[in-house]
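Okay, input33.txt is below, compact mmCIF, C-alpha atoms:
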```txt
# COMPACT_ATOMS: atom_id res chain seq x y z
CA MET I 1 38.79 -153.21 95.13
CA THR I 2 40.86 -150.33 93.76
CA GLN I 3 44.41 -150.05 95.09
CA THR I 4 45.74 -146.53 95.68
CA VAL I 5 49.46 -145.79 95.79
CA THR I 6 50.44 -142.39 97.18
CA SER I 7 53.83 -140.77 96.69
CA ASP I 8 55.52 -137.40 96.18
CA VAL I 9 55.79 -137.79 92.39
CA VAL I 10 54.34 -140.03 89.69
CA VAL I 11 56.35 -140.27 86.47
CA VAL I 12 54.44 -141.74 83.53
CA GLY I 13 56.84 -143.35 81.04
CA ALA I 14 60.14 -145.04 81.85
CA GLY I 15 61.99 -144.10 78.68
CA PRO I 16 65.15 -141.99 78.93
CA GLY I 17 63.34 -138.78 79.98
CA GLY I 18 61.11 -140.44 82.54
CA SER I 19 63.84 -142.60 84.06
CA ALA I 20 66.28 -139.68 84.27
CA THR I 21 63.59 -137.54 85.92
CA ALA I 22 62.79 -140.33 88.39
CA THR I 23 66.49 -140.73 89.21
CA HIS I 24 67.00 -137.04 89.96
CA LEU I 25 63.83 -136.79 92.07
CA ALA I 26 64.56 -139.96 94.05
CA ARG I 27 68.09 -138.72 94.75
CA ALA I 28 66.54 -135.52 96.10
CA GLY I 29 64.70 -137.63 98.67
CA LEU I 30 61.24 -137.74 97.09
CA SER I 31 59.17 -140.90 96.87
CA VAL I 32 58.77 -141.61 93.16
CA GLN I 33 56.50 -144.05 91.31
CA LEU I 34 57.80 -144.72 87.77
CA LEU I 35 55.11 -146.20 85.52
CA GLU I 36 55.89 -148.11 82.31
CA LYS I 37 53.21 -149.58 80.05
CA SER I 38 55.40 -152.44 78.82
CA THR I 39 58.07 -154.71 80.29
CA PHE I 40 61.83 -154.26 80.09
CA PRO I 41 63.74 -154.99 78.04
CA ARG I 42 61.60 -153.62 75.24
CA GLU I 43 62.48 -152.46 71.76
CA LYS I 44 61.73 -148.95 70.57
CA VAL I 45 61.79 -147.73 67.00
CA CYS I 46 63.91 -144.64 67.51
CA GLY I 47 67.29 -143.77 68.81
CA ASP I 48 70.28 -146.00 69.42
CA GLY I 49 72.65 -143.04 68.99
CA LEU I 50 73.35 -140.31 71.53
CA THR I 51 74.93 -136.91 70.96
CA PRO I 52 77.64 -135.45 73.21
CA ARG I 53 74.90 -133.44 74.96
CA ALA I 54 73.01 -136.64 75.87
CA THR I 55 76.31 -138.31 76.79
CA ARG I 56 77.04 -135.50 79.25
CA GLU I 57 73.66 -136.08 80.92
CA LEU I 58 74.39 -139.79 81.31
CA ILE I 59 77.71 -138.97 82.95
CA LYS I 60 75.91 -136.55 85.32
CA LEU I 61 73.48 -139.37 86.21
CA GLY I 62 76.44 -141.55 87.15
CA ILE I 63 76.05 -143.98 84.25
CA ASP I 64 79.23 -145.84 83.31
CA THR I 65 79.70 -144.93 79.62
CA THR I 66 82.83 -146.98 78.98
CA GLU I 67 83.16 -149.59 76.26
CA GLU I 68 83.56 -152.19 79.03
CA ALA I 69 80.05 -151.28 80.18
CA GLY I 70 78.63 -152.00 76.72
CA TRP I 71 78.81 -148.58 75.03
CA LEU I 72 80.26 -147.81 71.61
CA ARG I 73 81.70 -144.35 71.09
CA ASN I 74 81.41 -142.31 67.91
CA LYS I 75 83.14 -139.14 66.79
CA GLY I 76 80.31 -137.61 64.77
CA LEU I 77 77.66 -138.22 62.15
CA ARG I 78 77.89 -139.61 58.64
CA ILE I 79 74.93 -138.70 56.45
CA TYR I 80 74.16 -140.38 53.13
CA GLY I 81 71.85 -138.69 50.66
CA GLY I 82 71.78 -136.29 47.76
CA ARG I 83 75.37 -137.00 46.67
CA VAL I 84 77.77 -139.89 46.09
CA GLU I 85 80.04 -139.31 49.08
CA PRO I 86 78.63 -139.17 52.60
CA PHE I 87 78.61 -135.90 54.47
CA GLU I 88 80.86 -136.18 57.56
CA MET I 89 80.02 -134.03 60.57
CA PRO I 90 82.39 -134.48 63.54
CA TRP I 91 81.22 -133.56 67.03
CA PRO I 92 82.51 -130.13 68.05
CA GLU I 93 85.27 -129.76 70.63
CA LEU I 94 83.57 -127.95 73.54
CA ASP I 95 84.76 -127.55 77.12
CA ASP I 96 81.42 -128.50 78.70
CA PHE I 97 80.73 -131.62 76.61
CA PRO I 98 82.57 -134.85 75.88
CA SER I 99 84.11 -135.02 72.40
CA TYR I 100 82.21 -138.20 71.57
CA GLY I 101 78.70 -139.56 71.26
CA LEU I 102 77.50 -143.01 72.26
CA VAL I 103 75.66 -145.92 70.70
CA ARG I 104 73.76 -148.68 72.49
CA PRO I 105 70.67 -150.72 71.55
CA ARG I 106 67.58 -148.85 72.71
CA SER I 107 66.08 -151.88 74.47
CA ASP I 108 69.21 -152.22 76.62
CA PHE I 109 69.54 -148.46 77.11
CA ASP I 110 66.02 -147.95 78.46
CA ASP I 111 66.31 -150.98 80.75
CA LEU I 112 69.63 -149.67 82.12
CA LEU I 113 68.15 -146.22 82.86
CA ALA I 114 65.05 -147.67 84.55
CA LYS I 115 67.25 -149.87 86.76
CA HIS I 116 69.36 -146.81 87.56
CA ALA I 117 66.21 -144.98 88.71
CA VAL I 118 65.28 -147.93 90.92
CA ALA I 119 68.79 -147.98 92.40
CA ALA I 120 68.31 -144.28 93.24
CA GLY I 121 65.11 -145.10 95.14
CA ALA I 122 62.27 -144.89 92.59
CA THR I 123 59.69 -147.68 92.44
CA LEU I 124 59.22 -149.08 88.92
CA HIS I 125 55.82 -150.46 87.90
CA GLN I 126 55.98 -152.37 84.60
CA ASN I 127 52.93 -153.44 82.58
CA THR I 128 51.18 -150.39 84.03
CA ASN I 129 49.14 -148.74 81.32
CA VAL I 130 47.87 -145.30 82.34
CA THR I 131 44.32 -144.63 81.16
CA ALA I 132 43.40 -141.22 82.58
CA PRO I 133 44.47 -138.40 84.87
CA VAL I 134 42.99 -137.96 88.31
CA ILE I 135 41.80 -134.35 88.53
CA ASP I 136 41.13 -132.49 91.77
CA GLU I 137 37.58 -131.17 91.41
CA ARG I 138 38.34 -128.09 93.52
CA THR I 139 41.55 -126.93 91.81
CA TYR I 140 41.33 -128.74 88.45
CA ARG I 141 44.93 -129.87 88.95
CA ILE I 142 46.15 -133.32 87.99
CA VAL I 143 46.86 -135.13 91.25
CA GLY I 144 47.41 -138.64 89.96
CA VAL I 145 46.59 -141.19 87.27
CA THR I 146 44.44 -144.28 86.90
CA THR I 147 45.65 -147.45 85.22
CA LYS I 148 44.09 -150.13 83.06
CA ASP I 149 44.20 -152.57 86.00
CA ASP I 150 42.18 -150.17 88.21
CA ARG I 151 45.01 -148.84 90.33
CA ILE I 152 45.30 -145.18 91.27
CA PHE I 153 48.67 -143.49 91.66
CA GLN I 154 48.32 -140.19 93.54
CA ALA I 155 50.89 -137.44 93.95
CA PRO I 156 50.99 -133.65 94.04
CA ILE I 157 53.33 -133.79 91.03
CA VAL I 158 52.65 -135.90 87.93
CA VAL I 159 55.22 -135.93 85.13
CA ALA I 160 54.04 -136.99 81.67
CA ALA I 161 57.12 -138.55 80.07
CA ASP I 162 55.22 -140.94 77.82
```
Please re-express this file's structure in structure tokens.
Amino acid sequence: MTQTVTSDVVVVGAGPGGSATATHLARAGLSVQLLEKSTFPREKVCGDGLTPRATRELIKLGIDTTEEAGWLRNKGLRIYGGRVEPFEMPWPELDDFPSYGLVRPRSDFDDLLAKHAVAAGATLHQNTNVTAPVIDERTYRIVGVTTKDDRIFQAPIVVAAD
């Protein structure tokens, strides 16, 4: 028998974008289902480094970005290629952004953000592989998703963050 889960929002993908979206929506009082196809912690190929812009967003989310919390700070980029010496590019000094970027292993970073979304009120579903949208036949709007294990997650808002 197919299980149907109904909520205000379904977010597909619990990477940084999906988990941040789920956090903001749950804090606004919406019921949020956050779907992740794998299990945390999980390794991703890209991105252990964060710019000051991304760092500012983490601070807005309430993430502790101190070294004691496992973060390493950097003051810019060093690029190797096309010449003997590396090209050094320090982060700019701007009033609205921190003067540093951050580094953290991606597997730990994604797990931390997903847990932060859960702490805000979202429900995380791991090992939940989305297979297709659910489309309202009258309006042709996406009103949910189906999963590989025959569950249906319905909501008036579906965010594709996969």
Contact residues around Val5 in chain I with all atoms listed in the file at 10 Å, ignoring same-chain residues under 6 positions, as a list in words:
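Counting only the stated atoms, we get Gln33, Gly144, Arg151, Ile152, Phe153, Gln154 and Ala155 of chain I.
Among I:Val32, I:Ala54, I:Leu94, I:Ala161, the residue with the shortest atom-to-atom distance to Val12 in chain I, counting all atoms listed in the file, is I:Ala161.
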Need to verify the contact set: Ala120 in chain I, 8 Å, only C-alpha atoms, exclusion of same-chain residues closer than 5 positions in sequence. Can you return it as a VMD selection string?
chain I and resid 23 26 to 27
For each of I:Thr65, I:Ser38, I:Thr146, I:Asn74, take the minimum atom-to-atom distance to Ala14 in chain I, counting only C-alpha atoms, then give the residue where this is smallest.
I:Ser38
Polymer residues at most 8 Å from Thr128 in chain I, all atoms listed in the file, same-chain spacing of 2 or more positions, as a ChimeraX atom specification:
/I:35-38,125-126,130,147-149
Selection: 12 Å around range 101-107 of chain I, only C-alpha atoms, excl. self and same-chain fewer than 5 positions, as JSON, numbers by chain:
{"I": [14, 15, 16, 38, 39, 40, 41, 42, 43, 44, 45, 46, 47, 48, 49, 50, 51, 52, 53, 54, 55, 56, 57, 58, 59, 64, 65, 66, 67, 69, 70, 71, 72, 73, 74, 75, 76, 77, 90, 91, 92, 93, 112, 113, 114]}
Hey, what's within 7 Å of Val134 in chain I if we count all atoms listed in the file and toss same-chain stuff fewer than 2 positions away? As a list in words, please?
Ala132, Asp136, Ile142, Val143, Gly144, Val145 and Thr146 of chain I
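Using only C-alpha atoms, the smallest distance between any of I:Met89, I:Ile157, I:Leu25, I:Val84 and Thr6 in chain I comes from I:Ile157.
Going from CA of Asp150 in chain I over to CA of Gln3 in chain I, you cover 7.2 Å.
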Counting all atoms listed in the file, closest pick from I:Pro133, I:Asp8, I:Gly17, I:Gly82 relative to Gly29 in chain I is I:Asp8
Could you tell me how far CA of Val118 in chain I sits from CA of Val11 in chain I, in Å to one decimal place?
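Pair CA of Val11 in chain I / CA of Val118 in chain I returns 12.6 Å.
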